[in-house]
Amino acid sequence: MVLGTYKEVVTARSTDKEIQKIAQDGGIVSALFCYALEEKLIDGAVVAGPGKDFWKPEPMVAQTADEILAAAGTKYTFSPNVLMLKKAVRQYGLEKVGTVAIPCQTMGIRKMQSYPFGVRFLADKIALVTGIFCMENFPFASLQTFISEKMGVSPELVEKMDIGKGKFWVHTADDVLSIPLKETHGYEQSGCKVCLDYVAELADVSTGSVGSPDGWSTVFTRTDAGETVFKAAVEAGVIETKPVDTGKFGLEILTKLATQKKEKAMKEIDRRKSMGLPVPYKASSEKEDPLANV
Amino acid sequence: MSEKIVISPTSRQEGHAELVMDVDDEGIVTKGRYFSITPVRGLEKIVTGKVPETAPVIVQRICGVCPIPHTLASVEAIDDSLGIEIPKAARQLRELTLAAHTVNSHAIHHFLIATDFVPENLMATAINSVSEIRKTVQYVVDMVAGEGIHPADVRIGGMASNISETARKRLYARTKALIPKIDAHVDLMIGLIADKDLPDGLGVVNVPTLATHPLYGDRTKFDLDRFTEIMPETWYDDPEVGKRACSTIPLYDGRNVEVGPRARAAVFGSYNEKGVVAQHVARAMEMKTNVSKIVDLLAELDTSAPVMADYDVTGTNKLGIGAIEGPRGMDVHMAQIADGKTQFYSCLVPTTWNIPTMGPATEGFHHEFGPHVIRAYDPCLSCATHVIVVDDDNKSVIKNEMVRI
Amino acid sequence: MLARIKQFLGIGAKPKEVPKEEVEKVAEEKAKPRIGYVHLSGCTGDIMSLSENYDILAELLTNMVDIVYGQTLADVWEMPEMDLVLVEGSVCLQDEHSVKELKEAREKAGLVVAFGSCAATGCFTRYSRGGQQARPDHESFVPIADLVKVDCAIPGCPPSPEIIAKTVVAVINGDMDYLQPMIDLAGYTEACGCDLQYKVVNQALCIGCGTCAMACQTRALTMTDGRPELTSARCVKCGICYVQCPRSWWPADRIKQDLGL
Ligand SMILES: Cc1cc2nc3c(=O)[nH]c(=O)nc-3n(C[C@H](O)[C@H](O)[C@H](O)COP(=O)(O)OP(=O)(O)OC[C@H]3O[C@@H](n4cnc5c(N)ncnc54)[C@H](O)[C@@H]3O)c2cc1C
Ligand code: SF4
Ligand code: SF4
Ligand code: SF4
Ligand code: SF4
């Protein structure tokens with residue numbers, strides 16, 4: 001199952017005009033957290049907030065809708081959100097924490113919950129993990145290279161970055177520029193090369209742009225907790241949904257990309273193993289389903 | 001015929017120690033010697049030569065039962081050596097940490113002495129009451145100091161961060177709700193201890209009391225000139241004991257002293273009772289004063305105020321002193337910082353002060369009361385457990401009932 | 001050894017969390033394992049952490065297990081046969097008593113558990129170098145696996161109350177799947193914050209998630225440009241950062257089971 005275990009998959013977006021304007025895609029992450037805050041399902045959320053440098057995010061604890069919105073939009077570089085979970089339950093005193101997480105971050109969180117060796121009184125305070133799809137991530141210097149060197153834009157002018165339709169996009173106040181993804185190839189961090197998870201298979205709810213039209217997101221509900229929150233948000237009219245397109249531009253492309261990612265990663269895992277390098281996952285020969293997330 | 005009774009280690013206390021008692025024909029203790037046989041991990045030597053930041057992290061691991069006083073005494077000693085004035089909110093957060101910890105620690109002591117005082121039918125109630133109290137106050141320590149057992153966020157110069165308004169309000173509401181529960185718990189424990197009808201005068205020993213502050217600690221009340229430290233070989237009349245003892249003997253005005261809740265009550269509260277029961281009562285009462293202090297501090301705390309001072313870590317080799325009134329008594333750490341490194345470090349931990357006092361406190365009563373007397377001091381020697389109870393002459397194992405009274 | 005315990009206890013259901021009802025149910029159904037606690041050169045923080053299982057503590061101590069040995073908790077003078085012994089603290093090579101007690105524990109217990117990082121990795125006692133009164137000769141403190149065979153390790157300085165409860169329940173249930181990582185960790189005796197660099201970053205495995213920095217109990221870790229930054233002045237060599245890193249070992253099946261996926 002290359003898309004992981006899920007209860008339901010839909011195409012969805014936030015009904016809030018403001019969120020639609022500033023969000024990366026359908027604004028699912030922001031809308032869901034705002035709703036959960038409002039309904040006291042969470043008392044705060046860890047998000048990738050604006051950092052000191054342009055586009056270099058800093059994990060932050062958001063306790064109001066304004067703070068959630070200030071962190072909307074994708075930053076294609078590291079935001080070690082998991083780090084902030086400790087502070088969220090300690091100094092911030094939160095007891096029901098939401099967090100946005102790329103797939104590898106969900107892995108850190110879930111492993112901690114199953115095996116909280118050194119982590120006291122935190123595992124049960126994670127109330128909502130919203131996963132976002134992820135093909136790869138870039139060191140900050142890689143982003144600078146694409147933007148300043150390859151596209152000739154000053155990073156301060158960038159209002160949005162995006163990956164889609166085979167390209168890396170940059171939006172400025174008056175321009176939309178792009179470079180083909182083969183130009184960004186080789187600039188991603190190497191840890192991503194053994195990553196088998198494209199669609200945040202371990203999140204409560206996972207979302208991303210692929211599989212849905214512009215301005216909309218594809219959403220999987222996976223756990224009971226995730227399903228409950230998402231359904232409630234839809235019922236409350238905060239999020240609108242439509243059936244996911246099962247065809248070429250919908251689930252088909254999503255499945256294709258997830259499969260490609262897993263196949264590529266499996267190859268790299270096997271290669272590394274043959275060289276005697278450590279990898280936490282099994283080799284393809286040791287697995288029943290070579291595309292399983294291990 | 002005089003006989004020697006050895007209890008090694010004394011049970012249901014933290015750490016590893018031996019109680020050696022000379023007894024007469026009636027079994028009455030004529031001479032008591034209590035000493036630590038805990039291997040010396042050498043924490044003071046570990047932190048010497050390293051940067052000051054290492055010291056609180058390492059020395060809090062002296063003991064997992066009273067890590068908070070060690071952390072606080074450590075940062076206070078280094079603050080003093082470096083001449084740092086910490087912000088007001090940082091001081092409040094430190095006091096908050098200590099007050100919550102004291103309640104927790106005293107509650108743990110009640111858990112450890114439960115088999116001495118609590119009848120079987122009340123055992124579950126008592127353990128649950130202890131658990132409920134601990135849960136609430138440890139929640140305070142977790143939030144304010146970062147980790148409930150080894151606090152990570154008490155730092156040289158202040159605290160790593162202030163708490164949020166959400167945390168402040170939450171903690172305030174919960175500790176306030178705890179007050180009636182603590183009152184009930186304290187009444188229960190004091191009642192049960194009185195019911196035990198321990199012999200009058202048990203554990204009374206005529207030594208001076210030493211305390212620097214009713215609740216927190218005050219370095220100006222600890223006069224280094226009046227302090228001396230001698231080796232166990234000099235202190236114990238039994239050369240065998242002197243050789244095996246693993247801790248040095250601290251003296252004040254050349255005498256051994258008593259520190260702890262009863263000492264604090266005597267110095268600051270004109271409390272005149274002495275002995276085992278008085279120690280238990282004074283300890284239980286401190287749970288009440290500390291929980292109201294927590295509530296007061298939380299009411300006053302400005303969560304937007306700064307909690308870290310600006311400071312230069314180089315140092316001038318000034319001898320800094322940190323004196324903290326830990327649950328078990330005054331905990332003094334001394335640190336000298338120069339060239340950005342710790343040049344000298346020394347800890348005078350509460351139990352070390354009480355060690356030379358605990359042995360004599362067993363004298364004059366039947367040896368069966370010995371462990372009772374020791375436990376009233378809530379000693380915390382933090383180390384190995386090792387079990388031999390032998391009569392020195394025939395090496396026979398002395399029965400379990402010994403400490404059950 | 002493990003097989004013996006497993007046989008003794010029988011294999012039961014695999015609980016996903018440890019709610020109170022579950023614990024009570026387990027306590028009713030299973031024979032109680034005989035547990036001992038040996039305290040070497042540790043700080044008692046590990047047993048304090050165990051005692052922070054507030055909601056289940058009374059149940060744990062009275063109905064779930066038999067504490068048959070351990071000076072903090074019971075008045076027992078001679079080490080009995082035990083199904084499992086929790087050993088807290090590293091062992092001082094210059095202290096005969098400690099060495100003897102550890103060896104005795106190995107002989108008398110079916111399972112030896114290195115309880116806490118001092119026992120498992122040496123933790124901060126790895127920095128010990130003697131020279132302190134009143135026993136300047138005490139200078140060598142090593143993880144217990146250096147002297148005896150260790151069956152499983154629960155690192156942490158201290159281990160969280162939750163992992164302790166989960167482990168106890170797994171032992172009672174004979175849930176070997178859950179215990180497997182701890183069995184593997186018995187061999188992880190040379191831990192340090194540097195492991196993140198050696199075993200993750202240097203191996204092209206780090207993905208900048210921040211789990212290590214979250215887990216570090218001394219706050220020795222921050223993140224710089226998406227990679228762990230170690231302040232070695234704060235590192236106690238407990239090994240928790242590496243143990244929690246999703247790129248050190250990956251219990252996929254267990255996680256899916258816990259999540260109901
Ligand atoms: C590195 C990266 C790679 C991605 N690759 C893909 C892909 O290949 N295909 C795809 O469909 N989707 C991908 N996404 C997800 C996509 O870009 C959107 O983030 C997602 O669809 C959510 O959009 P939204 O409108 O619902 O969220 P919004 O409401 O805009 O909120 C986005 C949330 O993500 C958080 N966030 C931003 N950057 C990061 C970061 N670096 N790390 C952690 N959290 C962050 C923000 O704080 C915010 O809370 C990727 C995201 C990242 C961070
Ligand atoms: S590809 Fe995988 S490892 Fe890389 S950033 Fe995305 S989720 Fe993490
Ligand atoms: S691992 Fe930590 S908590 Fe456990 S004994 Fe060692 S210092 Fe104490
Ligand atoms: S937990 Fe592991 S993968 Fe994550 S940031 Fe730390 S070292 Fe890197
Ligand atoms: S960095 Fe932190 S978690 Fe890692 S070994 Fe050091 S103290 Fe332990």
# chains A, B, ... in the order shown; residues from 1 in each chain; ligands from 1
$ interface_residues --of "chain C" --to "chain B" --cutoff "8 Å" --atoms "only C-alpha atoms" --output "PDB file with N, CA and C atoms, in the first residue's frame"
ATOM      1  N   VAL C  38      18.546  -3.655  42.417  1.00  0.00           N
ATOM      2  CA  VAL C  38      19.889  -3.546  42.962  1.00  0.00           C
ATOM      3  C   VAL C  38      20.425  -2.169  42.643  1.00  0.00           C
ATOM      4  N   HIS C  39      20.910  -1.509  43.658  1.00  0.00           N
ATOM      5  CA  HIS C  39      21.341  -0.140  43.503  1.00  0.00           C
ATOM      6  C   HIS C  39      22.860  -0.053  43.597  1.00  0.00           C
ATOM      7  N   LEU C  40      23.508   0.166  42.471  1.00  0.00           N
ATOM      8  CA  LEU C  40      24.966   0.334  42.501  1.00  0.00           C
ATOM      9  C   LEU C  40      25.250   1.831  42.521  1.00  0.00           C
ATOM     10  N   SER C  41      26.200   2.297  41.683  1.00  0.00           N
ATOM     11  CA  SER C  41      26.496   3.727  41.728  1.00  0.00           C
ATOM     12  C   SER C  41      25.553   4.514  40.837  1.00  0.00           C
ATOM     13  N   GLY C  42      24.341   4.644  41.330  1.00  0.00           N
ATOM     14  CA  GLY C  42      23.333   5.433  40.626  1.00  0.00           C
ATOM     15  C   GLY C  42      22.819   6.472  41.598  1.00  0.00           C
ATOM     16  N   CYS C  43      21.875   7.283  41.133  1.00  0.00           N
ATOM     17  CA  CYS C  43      21.440   8.395  41.977  1.00  0.00           C
ATOM     18  C   CYS C  43      20.039   8.175  42.516  1.00  0.00           C
ATOM     19  N   THR C  44      19.443   7.000  42.258  1.00  0.00           N
ATOM     20  CA  THR C  44      18.076   6.694  42.658  1.00  0.00           C
ATOM     21  C   THR C  44      17.036   7.397  41.776  1.00  0.00           C
ATOM     22  N   GLY C  45      17.499   8.163  40.805  1.00  0.00           N
ATOM     23  CA  GLY C  45      16.563   8.857  39.919  1.00  0.00           C
ATOM     24  C   GLY C  45      15.703   7.878  39.137  1.00  0.00           C
ATOM     25  N   ASP C  46      16.246   6.722  38.840  1.00  0.00           N
ATOM     26  CA  ASP C  46      15.510   5.764  38.026  1.00  0.00           C
ATOM     27  C   ASP C  46      14.329   5.175  38.801  1.00  0.00           C
ATOM     28  N   MET C  48      12.962   6.685  41.292  1.00  0.00           N
ATOM     29  CA  MET C  48      12.046   7.821  41.469  1.00  0.00           C
ATOM     30  C   MET C  48      11.133   7.927  40.253  1.00  0.00           C
ATOM     31  N   SER C  49      11.714   7.729  39.094  1.00  0.00           N
ATOM     32  CA  SER C  49      10.930   7.812  37.869  1.00  0.00           C
ATOM     33  C   SER C  49       9.889   6.693  37.839  1.00  0.00           C
ATOM     34  N   GLU C  52       6.913   7.535  39.605  1.00  0.00           N
ATOM     35  CA  GLU C  52       6.041   8.581  39.053  1.00  0.00           C
ATOM     36  C   GLU C  52       4.953   8.021  38.140  1.00  0.00           C
ATOM     37  N   TYR C  54       2.097   7.529  38.757  1.00  0.00           N
ATOM     38  CA  TYR C  54       1.182   7.805  39.856  1.00  0.00           C
ATOM     39  C   TYR C  54      -0.101   6.994  39.856  1.00  0.00           C
ATOM     40  N   ASP C  55      -0.750   6.963  38.696  1.00  0.00           N
ATOM     41  CA  ASP C  55      -2.069   6.349  38.692  1.00  0.00           C
ATOM     42  C   ASP C  55      -2.026   4.848  38.910  1.00  0.00           C
ATOM     43  N   LEU C  57       0.736   3.280  40.532  1.00  0.00           N
ATOM     44  CA  LEU C  57       1.818   2.892  41.441  1.00  0.00           C
ATOM     45  C   LEU C  57       1.378   1.886  42.516  1.00  0.00           C
ATOM     46  N   ALA C  58       0.286   2.192  43.183  1.00  0.00           N
ATOM     47  CA  ALA C  58      -0.159   1.301  44.257  1.00  0.00           C
ATOM     48  C   ALA C  58      -0.436  -0.079  43.675  1.00  0.00           C
ATOM     49  N   GLY C  70      15.312  -5.176  47.435  1.00  0.00           N
ATOM     50  CA  GLY C  70      15.568  -3.791  47.052  1.00  0.00           C
ATOM     51  C   GLY C  70      15.442  -2.904  48.259  1.00  0.00           C
ATOM     52  N   GLN C  71      16.522  -2.291  48.658  1.00  0.00           N
ATOM     53  CA  GLN C  71      16.542  -1.597  49.932  1.00  0.00           C
ATOM     54  C   GLN C  71      15.715  -0.335  49.998  1.00  0.00           C
ATOM     55  N   THR C  72      15.443   0.293  48.868  1.00  0.00           N
ATOM     56  CA  THR C  72      14.623   1.485  48.949  1.00  0.00           C
ATOM     57  C   THR C  72      13.177   1.102  49.240  1.00  0.00           C
ATOM     58  N   LEU C  73      12.813  -0.089  48.820  1.00  0.00           N
ATOM     59  CA  LEU C  73      11.406  -0.451  48.864  1.00  0.00           C
ATOM     60  C   LEU C  73      11.034  -1.552  49.829  1.00  0.00           C
ATOM     61  N   ALA C  74      11.981  -2.348  50.251  1.00  0.00           N
ATOM     62  CA  ALA C  74      11.595  -3.495  51.082  1.00  0.00           C
ATOM     63  C   ALA C  74      12.697  -3.807  52.079  1.00  0.00           C
ATOM     64  N   ASP C  75      12.293  -4.387  53.194  1.00  0.00           N
ATOM     65  CA  ASP C  75      13.280  -4.824  54.182  1.00  0.00           C
ATOM     66  C   ASP C  75      13.596  -6.292  53.951  1.00  0.00           C
ATOM     67  N   VAL C  76      14.488  -6.562  53.068  1.00  0.00           N
ATOM     68  CA  VAL C  76      14.887  -7.939  52.832  1.00  0.00           C
ATOM     69  C   VAL C  76      16.400  -7.944  52.865  1.00  0.00           C
ATOM     70  N   TRP C  77      16.931  -8.904  53.524  1.00  0.00           N
ATOM     71  CA  TRP C  77      18.372  -8.838  53.747  1.00  0.00           C
ATOM     72  C   TRP C  77      19.220  -9.726  52.851  1.00  0.00           C
ATOM     73  N   GLU C  78      18.633 -10.826  52.404  1.00  0.00           N
ATOM     74  CA  GLU C  78      19.453 -11.698  51.588  1.00  0.00           C
ATOM     75  C   GLU C  78      18.886 -11.775  50.189  1.00  0.00           C
ATOM     76  N   MET C  79      19.743 -11.767  49.196  1.00  0.00           N
ATOM     77  CA  MET C  79      19.247 -11.723  47.828  1.00  0.00           C
ATOM     78  C   MET C  79      18.594 -13.058  47.468  1.00  0.00           C
ATOM     79  N   GLY C  89      22.503   2.168  38.234  1.00  0.00           N
ATOM     80  CA  GLY C  89      23.842   2.682  38.521  1.00  0.00           C
ATOM     81  C   GLY C  89      24.931   1.892  37.817  1.00  0.00           C
ATOM     82  N   CYS C  92      31.356   0.314  40.343  1.00  0.00           N
ATOM     83  CA  CYS C  92      32.673   0.851  40.659  1.00  0.00           C
ATOM     84  C   CYS C  92      33.645  -0.313  40.812  1.00  0.00           C
ATOM     85  N   ASP C  95      35.193  -0.944  44.180  1.00  0.00           N
ATOM     86  CA  ASP C  95      34.348  -1.269  45.317  1.00  0.00           C
ATOM     87  C   ASP C  95      33.927  -2.732  45.246  1.00  0.00           C
ATOM     88  N   HIS C  97      32.221  -4.633  47.176  1.00  0.00           N
ATOM     89  CA  HIS C  97      30.827  -4.951  47.462  1.00  0.00           C
ATOM     90  C   HIS C  97      29.963  -4.828  46.220  1.00  0.00           C
ATOM     91  N   SER C  98      30.171  -3.749  45.474  1.00  0.00           N
ATOM     92  CA  SER C  98      29.351  -3.520  44.281  1.00  0.00           C
ATOM     93  C   SER C  98      29.574  -4.634  43.269  1.00  0.00           C
ATOM     94  N   GLU C 101      27.957  -7.784  44.495  1.00  0.00           N
ATOM     95  CA  GLU C 101      26.499  -7.755  44.466  1.00  0.00           C
ATOM     96  C   GLU C 101      25.976  -7.910  43.030  1.00  0.00           C
ATOM     97  N   PHE C 124      26.993   9.783  33.058  1.00  0.00           N
ATOM     98  CA  PHE C 124      28.003  10.785  33.424  1.00  0.00           C
ATOM     99  C   PHE C 124      29.153  10.193  34.241  1.00  0.00           C
ATOM    100  N   THR C 125      28.945   8.988  34.827  1.00  0.00           N
ATOM    101  CA  THR C 125      30.055   8.422  35.602  1.00  0.00           C
ATOM    102  C   THR C 125      31.211   8.023  34.678  1.00  0.00           C
ATOM    103  N   TYR C 127      32.715  10.077  33.202  1.00  0.00           N
ATOM    104  CA  TYR C 127      33.671  11.174  33.411  1.00  0.00           C
ATOM    105  C   TYR C 127      34.440  11.027  34.726  1.00  0.00           C
ATOM    106  N   SER C 128      34.043  10.065  35.552  1.00  0.00           N
ATOM    107  CA  SER C 128      34.692   9.924  36.854  1.00  0.00           C
ATOM    108  C   SER C 128      36.174   9.626  36.668  1.00  0.00           C
ATOM    109  N   ARG C 129      36.978  10.143  37.583  1.00  0.00           N
ATOM    110  CA  ARG C 129      38.411   9.876  37.486  1.00  0.00           C
ATOM    111  C   ARG C 129      39.065   9.862  38.862  1.00  0.00           C
ATOM    112  N   GLY C 130      38.247   9.627  39.885  1.00  0.00           N
ATOM    113  CA  GLY C 130      38.783   9.453  41.226  1.00  0.00           C
ATOM    114  C   GLY C 130      39.333  10.733  41.820  1.00  0.00           C
ATOM    115  N   GLY C 131      40.136  10.559  42.859  1.00  0.00           N
ATOM    116  CA  GLY C 131      40.811  11.714  43.451  1.00  0.00           C
ATOM    117  C   GLY C 131      39.998  12.480  44.463  1.00  0.00           C
ATOM    118  N   GLN C 132      38.827  11.975  44.808  1.00  0.00           N
ATOM    119  CA  GLN C 132      38.008  12.735  45.753  1.00  0.00           C
ATOM    120  C   GLN C 132      37.905  12.053  47.109  1.00  0.00           C
ATOM    121  N   GLN C 133      37.983  12.854  48.155  1.00  0.00           N
ATOM    122  CA  GLN C 133      37.800  12.338  49.512  1.00  0.00           C
ATOM    123  C   GLN C 133      36.373  11.831  49.660  1.00  0.00           C
ATOM    124  N   ALA C 134      36.003  10.889  50.514  1.00  0.00           N
ATOM    125  CA  ALA C 134      36.952  10.218  51.362  1.00  0.00           C
ATOM    126  C   ALA C 134      37.529   8.962  50.696  1.00  0.00           C
ATOM    127  N   ARG C 135      37.154   8.696  49.439  1.00  0.00           N
ATOM    128  CA  ARG C 135      37.678   7.526  48.764  1.00  0.00           C
ATOM    129  C   ARG C 135      38.283   7.900  47.416  1.00  0.00           C
ATOM    130  N   PRO C 136      39.476   8.503  47.458  1.00  0.00           N
ATOM    131  CA  PRO C 136      40.096   8.913  46.188  1.00  0.00           C
ATOM    132  C   PRO C 136      40.426   7.740  45.269  1.00  0.00           C
ATOM    133  N   HIS C 138      38.336   5.430  44.387  1.00  0.00           N
ATOM    134  CA  HIS C 138      37.199   5.073  43.532  1.00  0.00           C
ATOM    135  C   HIS C 138      37.258   5.877  42.237  1.00  0.00           C
ATOM    136  N   GLU C 139      37.762   5.267  41.199  1.00  0.00           N
ATOM    137  CA  GLU C 139      37.902   6.061  39.982  1.00  0.00           C
ATOM    138  C   GLU C 139      37.328   5.409  38.739  1.00  0.00           C
ATOM    139  N   PHE C 141      34.243   3.634  36.921  1.00  0.00           N
ATOM    140  CA  PHE C 141      32.821   3.286  36.926  1.00  0.00           C
ATOM    141  C   PHE C 141      32.440   2.845  35.522  1.00  0.00           C
ATOM    142  N   CYS C 157      18.056   9.066  31.506  1.00  0.00           N
ATOM    143  CA  CYS C 157      18.663   9.634  32.708  1.00  0.00           C
ATOM    144  C   CYS C 157      17.696  10.622  33.336  1.00  0.00           C
ATOM    145  N   PRO C 158      16.669  10.119  33.991  1.00  0.00           N
ATOM    146  CA  PRO C 158      16.272   8.713  34.108  1.00  0.00           C
ATOM    147  C   PRO C 158      15.366   8.296  32.958  1.00  0.00           C
ATOM    148  N   GLN C 217      17.746  15.103  27.662  1.00  0.00           N
ATOM    149  CA  GLN C 217      17.236  15.491  28.975  1.00  0.00           C
ATOM    150  C   GLN C 217      18.047  16.593  29.631  1.00  0.00           C
ATOM    151  N   THR C 218      19.215  16.896  29.093  1.00  0.00           N
ATOM    152  CA  THR C 218      20.002  17.979  29.687  1.00  0.00           C
ATOM    153  C   THR C 218      19.997  19.231  28.813  1.00  0.00           C
ATOM    154  N   ARG C 219      19.318  19.178  27.693  1.00  0.00           N
ATOM    155  CA  ARG C 219      19.320  20.276  26.709  1.00  0.00           C
ATOM    156  C   ARG C 219      20.748  20.532  26.206  1.00  0.00           C
ATOM    157  N   ALA C 233      29.571  20.394  26.863  1.00  0.00           N
ATOM    158  CA  ALA C 233      29.612  20.745  28.287  1.00  0.00           C
ATOM    159  C   ALA C 233      28.356  20.283  29.030  1.00  0.00           C
ATOM    160  N   ARG C 234      27.263  20.054  28.310  1.00  0.00           N
ATOM    161  CA  ARG C 234      26.033  19.620  28.973  1.00  0.00           C
ATOM    162  C   ARG C 234      25.737  18.134  28.763  1.00  0.00           C
ATOM    163  N   VAL C 236      25.729  14.244  29.152  1.00  0.00           N
ATOM    164  CA  VAL C 236      26.055  13.269  30.199  1.00  0.00           C
ATOM    165  C   VAL C 236      26.247  11.857  29.638  1.00  0.00           C
TER     166      VAL C 236
END
$ interface_residues --of "chain C" --to "chain A" --cutoff "6 Å" --atoms "only C-alpha atoms" --output "VMD selection string"
chain C and resid 156 159 to 160 163 204 to 211 213 to 215 226 240 246 to 250 252 261
$ write_last_selection --atoms "N, CA and C atoms" --output "compact mmCIF listing (two decimals), in the first residue's frame"
# COMPACT_ATOMS: atom_id res chain seq x y z
N GLY C 156 18.14 6.03 29.74
CA GLY C 156 17.38 7.23 30.10
C GLY C 156 18.02 7.76 31.37
N PRO C 159 15.10 6.98 32.82
CA PRO C 159 14.09 6.55 31.85
C PRO C 159 12.74 7.14 32.26
N SER C 160 11.88 7.38 31.30
CA SER C 160 10.60 8.01 31.64
C SER C 160 9.72 7.04 32.42
N ILE C 163 8.02 4.55 29.97
CA ILE C 163 8.73 3.41 29.38
C ILE C 163 8.89 2.32 30.43
N ALA C 204 25.18 10.00 6.42
CA ALA C 204 24.21 10.52 5.44
C ALA C 204 22.79 10.12 5.77
N LEU C 205 22.47 10.06 7.06
CA LEU C 205 21.12 9.63 7.45
C LEU C 205 20.29 10.73 8.10
N CYS C 206 20.91 11.80 8.55
CA CYS C 206 20.16 12.82 9.29
C CYS C 206 19.20 13.55 8.37
N ILE C 207 17.99 13.79 8.89
CA ILE C 207 17.01 14.51 8.09
C ILE C 207 16.51 15.75 8.83
N GLY C 208 17.21 16.11 9.91
CA GLY C 208 16.90 17.39 10.55
C GLY C 208 15.56 17.47 11.24
N CYS C 209 15.08 16.34 11.73
CA CYS C 209 13.73 16.34 12.31
C CYS C 209 13.68 17.01 13.68
N GLY C 210 14.81 16.96 14.42
CA GLY C 210 14.84 17.60 15.74
C GLY C 210 14.44 16.68 16.89
N THR C 211 14.20 15.42 16.61
CA THR C 211 13.79 14.51 17.68
C THR C 211 14.89 14.37 18.75
N ALA C 213 17.12 16.54 19.70
CA ALA C 213 17.20 17.73 20.56
C ALA C 213 16.00 17.79 21.50
N MET C 214 14.85 17.31 21.02
CA MET C 214 13.68 17.26 21.89
C MET C 214 13.93 16.28 23.03
N ALA C 215 14.55 15.15 22.69
CA ALA C 215 14.69 14.07 23.68
C ALA C 215 15.76 14.35 24.73
N GLY C 226 19.56 22.75 10.60
CA GLY C 226 18.93 21.45 10.42
C GLY C 226 19.75 20.26 10.85
N ILE C 240 20.39 8.88 25.01
CA ILE C 240 18.98 9.01 24.67
C ILE C 240 18.75 9.64 23.29
N PRO C 246 14.90 8.78 14.84
CA PRO C 246 14.19 7.83 13.97
C PRO C 246 15.12 7.14 12.97
N ARG C 247 16.34 7.63 12.87
CA ARG C 247 17.27 7.02 11.92
C ARG C 247 18.28 6.08 12.59
N SER C 248 18.10 5.78 13.88
CA SER C 248 19.00 4.81 14.51
C SER C 248 18.43 3.40 14.39
N TRP C 249 17.20 3.22 14.80
CA TRP C 249 16.50 1.95 14.62
C TRP C 249 15.05 2.30 14.44
N TRP C 250 14.32 1.42 13.78
CA TRP C 250 12.98 1.83 13.38
C TRP C 250 11.96 0.73 13.64
N ALA C 252 8.92 -0.21 13.00
CA ALA C 252 7.76 0.10 12.15
C ALA C 252 6.50 -0.66 12.55
N LEU C 261 -2.90 1.23 12.69
CA LEU C 261 -2.84 1.35 11.22
C LEU C 261 -2.47 0.02 10.57
$ residues_around --residues "A:Gly215" --least-positions-apart "4" --cutoff "8 Å" --atoms "only C-alpha atoms" --output "list in words"
Arg13, Gln20, Gln24, Asp25 and Gly26 of chain A
$ interface_residues --of "chain B" --to "chain A" --cutoff "9 Å" --atoms "only C-alpha atoms" --output "PyMOL selection string"
chain B and resi 139+142-148+161-168+170-171
$ select_by_dssp --residues "stretch 81-281 of chain A" --states "helix (DSSP H, G or I)" --output "number ranges by chain"
A: 81-89, 103-114, 123-125, 140-150, 155-157, 181-184, 190-194, 224-235, 251-274
$ residues_around --residues "C:Ala114" --least-positions-apart "6" --cutoff "12 Å" --atoms "only C-alpha atoms" --output "ChimeraX atom specification"
/C:37-40,42,46,84-91,102,105-106,120-123,142-156,158-159,164,182-183,185-189
$ atom_distance --atom1 "atom 44 (N, counted along the ligand's line) of ligand 1" --atom2 "atom CA of A:Val47"
6.1 Å
$ residues_around --residues "A:Ile179" --least-positions-apart "5" --cutoff "10 Å" --atoms "only C-alpha atoms" --output "CSV table (one decimal) with C-alpha atoms, in the first residue's frame"
chain,number,residue,atom,x,y,z
A,146,PHE,CA,18.2,28.1,-6.8
A,147,ILE,CA,16.8,31.5,-6.0
A,150,LYS,CA,19.8,30.0,-10.9
A,151,MET,CA,16.8,32.4,-11.0
A,163,ILE,CA,7.1,22.6,-6.2
A,166,GLY,CA,7.9,19.1,-12.5
A,167,LYS,CA,9.2,22.6,-11.5
A,168,PHE,CA,10.5,24.6,-8.6
A,169,TRP,CA,8.5,27.9,-8.5
A,170,VAL,CA,9.1,31.2,-7.0
A,184,THR,CA,17.4,21.2,-8.2
